[in-house]
file run19.pdb (PDB, C-alpha atoms)
ATOM      1  CA  MET A   1     116.193  74.950 101.165
ATOM      2  CA  LYS A   2     116.648  78.377 102.736
ATOM      3  CA  ARG A   3     115.788  78.994 106.376
ATOM      4  CA  ILE A   4     114.421  82.293 107.667
ATOM      5  CA  ILE A   5     113.777  83.106 111.327
ATOM      6  CA  ILE A   6     111.075  85.682 112.080
ATOM      7  CA  VAL A   7     111.484  87.369 115.459
ATOM      8  CA  ASP A   8     108.531  89.273 116.885
ATOM      9  CA  ASP A   9     106.680  89.136 120.199
ATOM     10  CA  SER A  10     103.375  89.228 118.315
ATOM     11  CA  SER A  11     102.265  85.949 116.742
ATOM     12  CA  THR A  12     100.041  88.003 114.454
ATOM     13  CA  ALA A  13     103.024  89.994 113.185
ATOM     14  CA  ARG A  14     105.011  86.786 112.622
ATOM     15  CA  MET A  15     102.137  85.288 110.640
ATOM     16  CA  PHE A  16     101.726  88.468 108.590
ATOM     17  CA  ILE A  17     105.455  88.772 107.808
ATOM     18  CA  LYS A  18     105.634  85.093 106.841
ATOM     19  CA  ARG A  19     102.669  85.526 104.513
ATOM     20  CA  CYS A  20     104.325  88.524 102.846
ATOM     21  CA  PHE A  21     107.467  86.462 102.218
ATOM     22  CA  GLU A  22     105.386  83.658 100.718
ATOM     23  CA  ILE A  23     103.408  86.021  98.475
ATOM     24  CA  SER A  24     106.613  87.766  97.384
ATOM     25  CA  GLY A  25     107.713  84.475  95.845
ATOM     26  CA  CYS A  26     109.981  82.947  98.501
ATOM     27  CA  GLN A  27     109.756  79.291  97.538
ATOM     28  CA  ASP A  28     111.358  76.346  99.259
ATOM     29  CA  VAL A  29     111.841  78.273 102.490
ATOM     30  CA  GLU A  30     111.553  76.937 106.017
ATOM     31  CA  PHE A  31     110.332  79.551 108.489
ATOM     32  CA  LEU A  32     111.359  79.491 112.128
ATOM     33  CA  GLU A  33     109.777  81.776 114.718
ATOM     34  CA  ALA A  34     110.971  83.397 117.930
ATOM     35  CA  GLY A  35     109.224  85.730 120.362
ATOM     36  CA  ASN A  36     112.272  87.874 121.201
ATOM     37  CA  GLY A  37     115.994  88.254 120.560
ATOM     38  CA  LEU A  38     117.056  85.792 123.231
ATOM     39  CA  GLN A  39     114.827  83.056 121.846
ATOM     40  CA  ALA A  40     116.173  83.788 118.360
ATOM     41  CA  LEU A  41     119.793  83.451 119.526
ATOM     42  CA  GLU A  42     118.984  80.139 121.215
ATOM     43  CA  GLN A  43     117.419  78.838 118.012
ATOM     44  CA  ILE A  44     120.162  79.899 115.613
ATOM     45  CA  LYS A  45     122.789  78.308 117.861
ATOM     46  CA  LYS A  46     121.028  74.997 117.206
ATOM     47  CA  VAL A  47     119.848  75.478 113.617
ATOM     48  CA  PRO A  48     121.703  77.576 111.010
ATOM     49  CA  VAL A  49     119.608  80.256 109.302
ATOM     50  CA  ASP A  50     120.083  82.244 106.083
ATOM     51  CA  LEU A  51     118.182  85.364 107.137
ATOM     52  CA  ILE A  52     116.958  86.981 110.354
ATOM     53  CA  VAL A  53     113.852  89.165 110.162
ATOM     54  CA  SER A  54     113.308  90.953 113.456
ATOM     55  CA  ASP A  55     110.934  93.382 115.079
ATOM     56  CA  LEU A  56     112.588  96.272 116.912
ATOM     57  CA  HIS A  57     110.569  96.594 120.088
ATOM     58  CA  MET A  58     110.305  93.340 122.057
ATOM     59  CA  PRO A  59     110.594  92.257 125.695
ATOM     60  CA  GLU A  60     113.692  90.416 127.003
ATOM     61  CA  MET A  61     115.967  91.328 124.073
ATOM     62  CA  ASP A  62     114.923  93.892 121.477
ATOM     63  CA  GLY A  63     115.824  94.048 117.792
ATOM     64  CA  THR A  64     118.692  96.507 118.211
ATOM     65  CA  ALA A  65     120.360  94.303 120.837
ATOM     66  CA  LEU A  66     119.856  91.231 118.651
ATOM     67  CA  LEU A  67     121.365  93.024 115.644
ATOM     68  CA  LYS A  68     124.420  94.085 117.692
ATOM     69  CA  ARG A  69     124.876  90.546 119.045
ATOM     70  CA  ILE A  70     124.658  89.023 115.567
ATOM     71  CA  LYS A  71     127.009  91.487 113.898
ATOM     72  CA  SER A  72     129.609  91.216 116.672
ATOM     73  CA  SER A  73     129.573  87.428 116.660
ATOM     74  CA  PRO A  74     132.403  85.679 114.796
ATOM     75  CA  ARG A  75     130.018  82.798 114.164
ATOM     76  CA  PHE A  76     126.897  84.679 113.061
ATOM     77  CA  HIS A  77     128.061  88.046 111.715
ATOM     78  CA  GLU A  78     127.489  87.094 108.067
ATOM     79  CA  ILE A  79     123.784  86.355 108.586
ATOM     80  CA  PRO A  80     121.813  89.227 107.026
ATOM     81  CA  VAL A  81     119.331  90.942 109.360
ATOM     82  CA  ILE A  82     116.219  92.800 108.215
ATOM     83  CA  ILE A  83     114.522  94.943 110.860
ATOM     84  CA  ILE A  84     110.766  95.495 110.716
ATOM     85  CA  SER A  85     109.336  98.175 112.974
ATOM     86  CA  SER A  86     106.430 100.492 113.569
ATOM     87  CA  ALA A  87     108.988 103.122 114.638
ATOM     88  CA  ALA A  88     111.242 103.077 111.566
ATOM     89  CA  ASN A  89     111.573 106.743 110.705
ATOM     90  CA  PRO A  90     114.587 107.987 108.647
ATOM     91  CA  LYS A  91     116.708 108.669 111.733
ATOM     92  CA  LYS A  92     116.119 105.172 113.091
ATOM     93  CA  VAL A  93     116.758 103.616 109.683
ATOM     94  CA  GLU A  94     120.093 105.440 109.526
ATOM     95  CA  GLU A  95     121.054 104.184 113.008
ATOM     96  CA  LEU A  96     120.136 100.586 112.237
ATOM     97  CA  LYS A  97     121.929 100.561 108.879
ATOM     98  CA  ALA A  98     125.023 101.886 110.665
ATOM     99  CA  LEU A  99     124.728  98.765 112.832
ATOM    100  CA  LEU A 100     124.795  96.750 109.577
ATOM    101  CA  ALA A 101     121.111  95.927 109.191
ATOM    102  CA  LEU A 102     120.529  94.815 105.606
ATOM    103  CA  ASP A 103     117.319  96.832 105.428
ATOM    104  CA  VAL A 104     114.712  98.424 107.681
ATOM    105  CA  LEU A 105     111.027  98.108 106.807
ATOM    106  CA  SER A 106     108.049  99.945 108.266
ATOM    107  CA  LYS A 107     105.009  98.103 109.577
ATOM    108  CA  PRO A 108     102.763  97.021 108.056
ATOM    109  CA  VAL A 109     105.089  95.264 105.620
ATOM    110  CA  SER A 110     103.856  94.299 102.183
ATOM    111  CA  PRO A 111     104.944  91.601  99.734
ATOM    112  CA  ALA A 112     106.427  94.411  97.606
ATOM    113  CA  SER A 113     108.559  95.842 100.430
ATOM    114  CA  VAL A 114     109.743  92.358 101.416
ATOM    115  CA  SER A 115     110.580  91.545  97.801
ATOM    116  CA  GLN A 116     112.620  94.738  97.497
ATOM    117  CA  ALA A 117     114.468  94.054 100.768
ATOM    118  CA  ILE A 118     115.559  90.528  99.838
ATOM    119  CA  LYS A 119     116.558  91.429  96.265
ATOM    120  CA  PRO A 120     120.284  91.807  97.183
ATOM    121  CA  LEU A 121     120.231  88.330  98.753
ATOM    122  CA  LEU A 122     118.626  86.753  95.701
ATOM    123  CA  GLN A 123     121.117  88.479  93.383
ATOM    124  CA  LYS A 124     123.983  87.275  95.584
ATOM    125  CA  SER A 125     122.755  83.673  95.567
ATOM    126  CA  GLU A 126     122.236  83.773  91.773
ATOM    127  CA  GLY A 127     125.687  85.236  91.228
TER     128      GLY A 127
ATOM    129  CA  MET B   1     105.754 118.450 119.614
ATOM    130  CA  HIS B   2     102.839 120.766 118.943
ATOM    131  CA  VAL B   3      99.967 118.816 117.426
ATOM    132  CA  ASP B   4      97.547 120.872 115.404
ATOM    133  CA  ALA B   5      94.027 119.416 115.642
ATOM    134  CA  GLN B   6      93.419 119.332 111.893
ATOM    135  CA  LYS B   7      96.840 117.860 111.173
ATOM    136  CA  LEU B   8      96.272 115.205 113.848
ATOM    137  CA  GLN B   9      92.887 114.317 112.360
ATOM    138  CA  GLN B  10      94.395 113.906 108.879
ATOM    139  CA  ALA B  11      97.450 112.017 110.137
ATOM    140  CA  LEU B  12      95.331 109.663 112.212
ATOM    141  CA  PHE B  13      92.979 108.906 109.336
ATOM    142  CA  SER B  14      95.982 108.140 107.085
ATOM    143  CA  ALA B  15      97.523 105.860 109.731
ATOM    144  CA  VAL B  16      94.273 104.011 110.468
ATOM    145  CA  SER B  17      93.076 103.648 106.871
ATOM    146  CA  GLU B  18      96.473 102.551 105.495
ATOM    147  CA  THR B  19      96.865  99.969 108.263
ATOM    148  CA  PHE B  20      93.363  98.589 107.784
ATOM    149  CA  GLU B  21      93.753  98.350 104.024
ATOM    150  CA  ALA B  22      97.197  96.733 104.192
ATOM    151  CA  MET B  23      96.531  94.249 106.999
ATOM    152  CA  ILE B  24      92.798  93.618 106.994
ATOM    153  CA  PHE B  25      91.884  94.523 103.406
ATOM    154  CA  THR B  26      89.080  96.715 104.730
ATOM    155  CA  PRO B  27      88.560 100.348 103.700
ATOM    156  CA  ILE B  28      87.413 102.644 106.485
ATOM    157  CA  ALA B  29      85.940 106.151 106.652
ATOM    158  CA  PRO B  30      85.202 108.663 109.409
ATOM    159  CA  ALA B  31      81.874 107.658 110.977
ATOM    160  CA  GLU B  32      78.762 109.612 110.125
ATOM    161  CA  GLU B  33      77.576 109.150 113.699
ATOM    162  CA  PRO B  34      80.666 109.778 115.866
ATOM    163  CA  GLY B  35      81.190 109.078 119.555
ATOM    164  CA  ILE B  36      81.387 106.190 121.987
ATOM    165  CA  SER B  37      77.620 105.631 122.021
ATOM    166  CA  SER B  38      77.697 104.766 118.312
ATOM    167  CA  LEU B  39      79.530 101.536 119.208
ATOM    168  CA  PHE B  40      76.505 100.082 120.974
ATOM    169  CA  PRO B  41      74.054  98.052 118.920
ATOM    170  CA  GLU B  42      71.372  99.847 120.896
ATOM    171  CA  THR B  43      71.689 102.812 123.196
ATOM    172  CA  PRO B  44      72.174 101.813 126.840
ATOM    173  CA  GLU B  45      68.982 103.672 127.740
ATOM    174  CA  SER B  46      66.820 101.634 125.386
ATOM    175  CA  MET B  47      68.436  98.438 126.670
ATOM    176  CA  ALA B  48      67.665  99.377 130.236
ATOM    177  CA  GLU B  49      64.043 100.000 129.355
ATOM    178  CA  ASN B  50      63.544  96.791 127.454
ATOM    179  CA  GLN B  51      65.763  94.230 129.105
ATOM    180  CA  ASP B  52      67.261  93.088 132.338
ATOM    181  CA  PRO B  53      70.910  94.099 131.885
ATOM    182  CA  ASP B  54      72.035  91.241 134.139
ATOM    183  CA  SER B  55      70.402  88.638 131.943
ATOM    184  CA  PRO B  56      73.026  86.710 129.925
ATOM    185  CA  GLU B  57      70.727  86.984 126.901
ATOM    186  CA  SER B  58      70.439  90.765 127.024
ATOM    187  CA  GLU B  59      72.034  92.926 124.357
ATOM    188  CA  PHE B  60      73.720  94.877 127.116
ATOM    189  CA  HIS B  61      75.364  91.744 128.472
ATOM    190  CA  LYS B  62      76.513  90.714 125.001
ATOM    191  CA  ALA B  63      77.930  94.146 124.260
ATOM    192  CA  LYS B  64      81.544  93.401 125.090
ATOM    193  CA  PHE B  65      84.372  95.531 123.858
ATOM    194  CA  TYR B  66      88.079  95.193 123.381
ATOM    195  CA  GLN B  67      90.138  98.183 124.425
ATOM    196  CA  THR B  68      93.764  98.283 123.301
ATOM    197  CA  GLU B  69      96.186 100.861 124.665
ATOM    198  CA  ILE B  70      99.705 101.996 123.823
ATOM    199  CA  ARG B  71     101.821 104.888 125.085
ATOM    200  CA  LEU B  72     104.335 107.149 123.441
ATOM    201  CA  ILE B  73     107.209 107.165 125.940
ATOM    202  CA  SER B  74     109.657 109.516 124.214
ATOM    203  CA  PRO B  75     110.408 112.162 122.986
ATOM    204  CA  GLU B  76     107.234 113.126 124.885
ATOM    205  CA  LYS B  77     104.276 111.448 126.504
ATOM    206  CA  ALA B  78     101.034 110.498 124.795
ATOM    207  CA  PHE B  79      98.359 107.867 125.264
ATOM    208  CA  PHE B  80      96.490 106.125 122.461
ATOM    209  CA  SER B  81      93.609 103.714 122.728
ATOM    210  CA  MET B  82      91.275 101.869 120.368
ATOM    211  CA  ILE B  83      87.897 100.379 121.259
ATOM    212  CA  PHE B  84      86.324  97.648 119.138
ATOM    213  CA  PRO B  85      82.969  95.937 119.638
ATOM    214  CA  GLY B  86      83.486  92.183 120.139
ATOM    215  CA  ASP B  87      81.902  91.185 116.818
ATOM    216  CA  LEU B  88      84.108  93.570 114.863
ATOM    217  CA  ALA B  89      87.216  92.360 116.721
ATOM    218  CA  ILE B  90      86.434  88.814 115.599
ATOM    219  CA  ARG B  91      85.858  89.888 111.973
ATOM    220  CA  ILE B  92      89.110  91.880 111.941
ATOM    221  CA  THR B  93      91.039  88.868 113.258
ATOM    222  CA  LYS B  94      89.435  86.554 110.703
ATOM    223  CA  ASN B  95      90.365  88.920 107.858
ATOM    224  CA  LEU B  96      93.892  89.363 109.137
ATOM    225  CA  TYR B  97      94.508  85.624 109.453
ATOM    226  CA  GLY B  98      92.437  84.566 106.440
ATOM    227  CA  TRP B  99      90.478  82.513 108.996
ATOM    228  CA  MET B 100      88.417  79.874 107.149
ATOM    229  CA  GLU B 101      87.325  77.708 110.080
ATOM    230  CA  GLU B 102      83.752  77.705 111.291
ATOM    231  CA  ASN B 103      84.732  78.432 114.893
ATOM    232  CA  ASP B 104      85.854  81.903 115.888
ATOM    233  CA  PRO B 105      89.582  82.468 116.442
ATOM    234  CA  PRO B 106      90.744  81.832 120.016
ATOM    235  CA  GLU B 107      90.825  84.737 122.419
ATOM    236  CA  ARG B 108      94.626  84.988 122.487
ATOM    237  CA  ILE B 109      94.732  85.445 118.686
ATOM    238  CA  ILE B 110      92.029  88.131 118.790
ATOM    239  CA  GLN B 111      93.910  90.004 121.514
ATOM    240  CA  ASP B 112      97.261  89.678 119.736
ATOM    241  CA  SER B 113      95.732  90.916 116.460
ATOM    242  CA  LEU B 114      94.250  94.023 118.055
ATOM    243  CA  SER B 115      97.496  94.751 119.905
ATOM    244  CA  GLU B 116      99.488  94.515 116.677
ATOM    245  CA  ILE B 117      97.010  96.817 114.934
ATOM    246  CA  ILE B 118      97.314  99.612 117.511
ATOM    247  CA  ASN B 119     101.101  99.185 117.563
ATOM    248  CA  THR B 120     101.232  99.629 113.779
ATOM    249  CA  ILE B 121      98.793 102.555 113.720
ATOM    250  CA  ALA B 122     100.518 104.409 116.566
ATOM    251  CA  GLY B 123     103.895 104.017 114.849
ATOM    252  CA  LYS B 124     102.562 105.304 111.545
ATOM    253  CA  LEU B 125     100.836 108.215 113.289
ATOM    254  CA  ILE B 126     103.972 109.328 115.122
ATOM    255  CA  MET B 127     106.064 108.965 111.967
ATOM    256  CA  ILE B 128     103.699 111.319 110.142
ATOM    257  CA  LEU B 129     103.697 113.874 112.962
ATOM    258  CA  LEU B 130     107.325 113.747 114.061
ATOM    259  CA  ASP B 131     110.192 115.233 112.086
ATOM    260  CA  ASP B 132     112.472 112.805 110.250
ATOM    261  CA  GLN B 133     115.475 113.367 112.503
ATOM    262  CA  SER B 134     113.793 112.456 115.787
ATOM    263  CA  THR B 135     113.477 108.916 117.041
ATOM    264  CA  PHE B 136     110.619 107.799 119.239
ATOM    265  CA  THR B 137     109.751 104.976 121.598
ATOM    266  CA  LEU B 138     106.393 103.301 122.074
ATOM    267  CA  SER B 139     105.412 101.082 124.992
ATOM    268  CA  LEU B 140     104.331  97.515 124.427
ATOM    269  CA  PRO B 141     100.577  97.452 123.729
ATOM    270  CA  ASN B 142      98.117  96.475 126.424
ATOM    271  CA  LEU B 143      94.619  95.041 125.945
ATOM    272  CA  LYS B 144      91.586  94.569 128.146
ATOM    273  CA  ARG B 145      87.998  93.446 127.651
ATOM    274  CA  VAL B 146      85.396  95.840 128.964
ATOM    275  CA  LYS B 147      81.613  95.735 129.264
ATOM    276  CA  ASN B 148      80.930  99.338 130.110
ATOM    277  CA  LEU B 149      82.528 102.105 128.113
ATOM    278  CA  SER B 150      83.584 105.355 129.652
ATOM    279  CA  VAL B 151      86.210 107.681 128.262
ATOM    280  CA  GLU B 152      87.352 110.198 130.846
ATOM    281  CA  ARG B 153      89.911 112.087 128.814
ATOM    282  CA  GLY B 154      91.357 112.510 125.364
ATOM    283  CA  ASP B 155      89.943 113.212 121.929
ATOM    284  CA  ILE B 156      87.709 110.588 120.340
ATOM    285  CA  TYR B 157      87.800 109.790 116.621
ATOM    286  CA  THR B 158      85.165 107.401 115.301
ATOM    287  CA  TYR B 159      85.561 105.339 112.135
ATOM    288  CA  GLN B 160      83.385 102.891 110.284
ATOM    289  CA  THR B 161      84.019 100.025 107.910
ATOM    290  CA  VAL B 162      82.172  99.461 104.634
ATOM    291  CA  ASP B 163      79.864  97.134 106.605
ATOM    292  CA  ASN B 164      79.048 100.028 108.941
ATOM    293  CA  ASP B 165      80.923  98.514 111.885
ATOM    294  CA  ARG B 166      82.251 101.296 114.080
ATOM    295  CA  PHE B 167      85.322 101.624 116.263
ATOM    296  CA  VAL B 168      87.040 104.533 117.992
ATOM    297  CA  PHE B 169      90.572 105.823 118.373
ATOM    298  CA  ILE B 170      91.353 107.979 121.415
ATOM    299  CA  THR B 171      94.366 110.282 121.643
ATOM    300  CA  ASP B 172      95.640 112.076 124.717
ATOM    301  CA  TRP B 173      98.810 114.147 124.316
ATOM    302  CA  ASN B 174     101.053 114.934 127.286
ATOM    303  CA  PRO B 175      98.764 113.059 129.709
ATOM    304  CA  LEU B 176     101.255 113.285 132.594
ATOM    305  CA  SER B 177     102.005 116.977 132.277
ATOM    306  CA  GLU B 178      98.336 117.850 132.809
ATOM    307  CA  LYS B 179      98.136 116.114 136.193
TER     308      LYS B 179
END

call {"tool": "encode", "arguments": {"input": "run19.pdb", "output": "structure tokens"}}
result
Amino acid sequence: MKRIIIVDDSSTARMFIKRCFEISGCQDVEFLEAGNGLQALEQIKKVPVDLIVSDLHMPEMDGTALLKRIKSSPRFHEIPVIIISSAANPKKVEELKALLALDVLSKPVSPASVSQAIKPLLQKSEG
Amino acid sequence: MHVDAQKLQQALFSAVSETFEAMIFTPIAPAEEPGISSLFPETPESMAENQDPDSPESEFHKAKFYQTEIRLISPEKAFFSMIFPGDLAIRITKNLYGWMEENDPPERIIQDSLSEIINTIAGKLIMILLDDQSTFTLSLPNLKRVKNLSVERGDIYTYQTVDNDRFVFITDWNPLSEK
């Protein structure tokens, strides 16, 4: 079973993102949820995850700070991070990919955009 | 950022309609009868004539609205707001969640849904209007329930769903610089 943590301060956004993953064909996946970057870090210290899907703009710790913490951590740096944001214009996408985000999706996400974003992970696990 | 009125109107309609179709599966169109007063089931004047507005049973008393707000913080200042009649807010939340239960969704879910909707629409709107090489920052959304509607500033855009439910989007660019 794969484990995905969805990080967003909006419970509606978390529900919507989870639904898009399910519709895009993610089977046998356990979804964890966190309301900000700090909560996400606390959770992944206790439970290993295969993918982090995070909003950008959140209180306490935002998505950029979470991404930097993950990618600079010897323990967690290999966990892929997908950023989902309502402010993901080309300049921001470029900045986040330079920080090693796997992909950056604009809100509202769709099953198609989620499917496209996780394709490299599926190919990697099949290979 | 100079915002041409016609370009803003087109950009806003794209942002609102794409968000509603993607998240709520509801097509929308510009309202035939625009303005804040179109949100009332009856005009306030007719309510005042026919009913005691303080009575809990009156249409005026039942006419509660949700007003969501979000601000563009950088690269410049702007204020955006959406106003939904209570009944429409509940229907939007039910559509968004695929709500099958007989009871209405709890208040916190309704408020979170409307906040996420304005956050998504404002982001899409700014992305359409801003050039690709500029980043921008939005505030966290804020929501309040109001009984009496009054819009003191900004431009009002009114939309309607296929069921003829109306809601408004208010834009105010550079609100601080005008003070």

call {"tool": "atom_distance", "arguments": {"input": "run19.pdb", "atom1": "CA of Ala87 in chain A", "atom2": "CA of Val162 in chain B"}}
result
28.9 Å

call {"tool": "closest_residue", "arguments": {"input": "run19.pdb", "among": "A:Lys97, A:Lys45, A:Lys18, A:Lys107", "to": "His57 in chain A", "atoms": "all atoms listed in the file"}}
result
A:Lys107

call {"tool": "closest_residue", "arguments": {"input": "run19.pdb", "among": "B:Ala89, B:Leu149, B:Ala29, B:Leu140", "to": "Ala122 in chain B", "atoms": "all atoms listed in the file"}}
result
B:Leu140

call {"tool": "closest_atom_pairs", "arguments": {"input": "run19.pdb", "of": "chain A", "to": "chain B", "cutoff": "9 Å", "atoms": "all atoms listed in the file", "output": "CSV"}}
result
residue,atom,partner,partner_atom,distance
A:Ser10,CA,B:Asp112,CA,6.3
A:Ser11,CA,B:Asp112,CA,6.9
A:Thr12,CA,B:Ser113,CA,5.6
A:Ala13,CA,B:Glu116,CA,6.7
A:Met15,CA,B:Tyr97,CA,7.7
A:Phe16,CA,B:Tyr97,CA,7.8
A:His57,CA,B:Leu140,CA,7.7
A:Met58,CA,B:Leu140,CA,7.7
A:Pro59,CA,B:Leu140,CA,8.3
A:Ser85,CA,B:Gly123,CA,8.2
A:Ser86,CA,B:Gly123,CA,4.5
A:Ala87,CA,B:Gly123,CA,5.2
A:Ala88,CA,B:Met127,CA,7.9
A:Asn89,CA,B:Met127,CA,6.1
A:Pro90,CA,B:Asp132,CA,5.5
A:Lys91,CA,B:Gln133,CA,4.9
A:Lys92,CA,B:Thr135,CA,6.0
A:Ser106,CA,B:Lys124,CA,8.3
A:Lys107,CA,B:Thr120,CA,5.9
A:Pro108,CA,B:Thr120,CA,6.5
A:Val109,CA,B:Ala22,CA,8.2
A:Ser110,CA,B:Ala22,CA,7.4

call {"tool": "resolve_selection", "arguments": {"input": "run19.pdb", "expression": "the PyMOL selection byres ((chain A and resi 39) around 12)", "output": "list in words"}}
result
Ile5, Ile6, Val7, Asp8, Asp9, Leu32, Glu33, Ala34, Gly35, Asn36, Gly37, Leu38, Ala40, Leu41, Glu42, Gln43, Ile44, Lys45, Lys46, Ser54, Met58, Pro59, Glu60, Met61, Asp62, Gly63 and Leu66 of chain A

call {"tool": "write_last_selection", "arguments": {"input": "run19.pdb", "atoms": "C-alpha atoms", "output": "PDB file, in the coordinates of the input"}}
result
ATOM      1  CA  ILE A   5     113.777  83.106 111.327  1.00  0.00           C
ATOM      2  CA  ILE A   6     111.075  85.682 112.080  1.00  0.00           C
ATOM      3  CA  VAL A   7     111.484  87.369 115.459  1.00  0.00           C
ATOM      4  CA  ASP A   8     108.531  89.273 116.885  1.00  0.00           C
ATOM      5  CA  ASP A   9     106.680  89.136 120.199  1.00  0.00           C
ATOM      6  CA  LEU A  32     111.359  79.491 112.128  1.00  0.00           C
ATOM      7  CA  GLU A  33     109.777  81.776 114.718  1.00  0.00           C
ATOM      8  CA  ALA A  34     110.971  83.397 117.930  1.00  0.00           C
ATOM      9  CA  GLY A  35     109.224  85.730 120.362  1.00  0.00           C
ATOM     10  CA  ASN A  36     112.272  87.874 121.201  1.00  0.00           C
ATOM     11  CA  GLY A  37     115.994  88.254 120.560  1.00  0.00           C
ATOM     12  CA  LEU A  38     117.056  85.792 123.231  1.00  0.00           C
ATOM     13  CA  ALA A  40     116.173  83.788 118.360  1.00  0.00           C
ATOM     14  CA  LEU A  41     119.793  83.451 119.526  1.00  0.00           C
ATOM     15  CA  GLU A  42     118.984  80.139 121.215  1.00  0.00           C
ATOM     16  CA  GLN A  43     117.419  78.838 118.012  1.00  0.00           C
ATOM     17  CA  ILE A  44     120.162  79.899 115.613  1.00  0.00           C
ATOM     18  CA  LYS A  45     122.789  78.308 117.861  1.00  0.00           C
ATOM     19  CA  LYS A  46     121.028  74.997 117.206  1.00  0.00           C
ATOM     20  CA  SER A  54     113.308  90.953 113.456  1.00  0.00           C
ATOM     21  CA  MET A  58     110.305  93.340 122.057  1.00  0.00           C
ATOM     22  CA  PRO A  59     110.594  92.257 125.695  1.00  0.00           C
ATOM     23  CA  GLU A  60     113.692  90.416 127.003  1.00  0.00           C
ATOM     24  CA  MET A  61     115.967  91.328 124.073  1.00  0.00           C
ATOM     25  CA  ASP A  62     114.923  93.892 121.477  1.00  0.00           C
ATOM     26  CA  GLY A  63     115.824  94.048 117.792  1.00  0.00           C
ATOM     27  CA  LEU A  66     119.856  91.231 118.651  1.00  0.00           C
TER      28      LEU A  66
END

call {"tool": "atom_distance", "arguments": {"input": "run19.pdb", "atom1": "CA of Leu105 in chain A", "atom2": "CA of Ser72 in chain A"}}
result
22.1 Å

call {"tool": "atom_distance", "arguments": {"input": "run19.pdb", "atom1": "CA of Val3 in chain B", "atom2": "CA of Gly35 in chain B"}}
result
21.3 Å

call {"tool": "resolve_selection", "arguments": {"input": "run19.pdb", "expression": "the PyMOL selection byres ((chain A and resi 67) around 8)", "output": "PyMOL selection string"}}
result
chain A and resi 63-66+68-71+81+99-101

call {"tool": "resolve_selection", "arguments": {"input": "run19.pdb", "expression": "the PyMOL selection byres ((chain B and resi 68-70) around 6)", "output": "number ranges by chain"}}
result
B: 67, 71, 80-82, 139, 141-143

call {"tool": "closest_residue", "arguments": {"input": "run19.pdb", "among": "A:Arg75, A:Asp28, A:Ile17, A:Lys119", "to": "Asp55 in chain A", "atoms": "only C-alpha atoms"}}
result
A:Ile17

call {"tool": "closest_residue", "arguments": {"input": "run19.pdb", "among": "A:Ala112, A:Leu122, A:Val93, A:Met1", "to": "Phe31 in chain A", "atoms": "all atoms listed in the file"}}
result
A:Met1
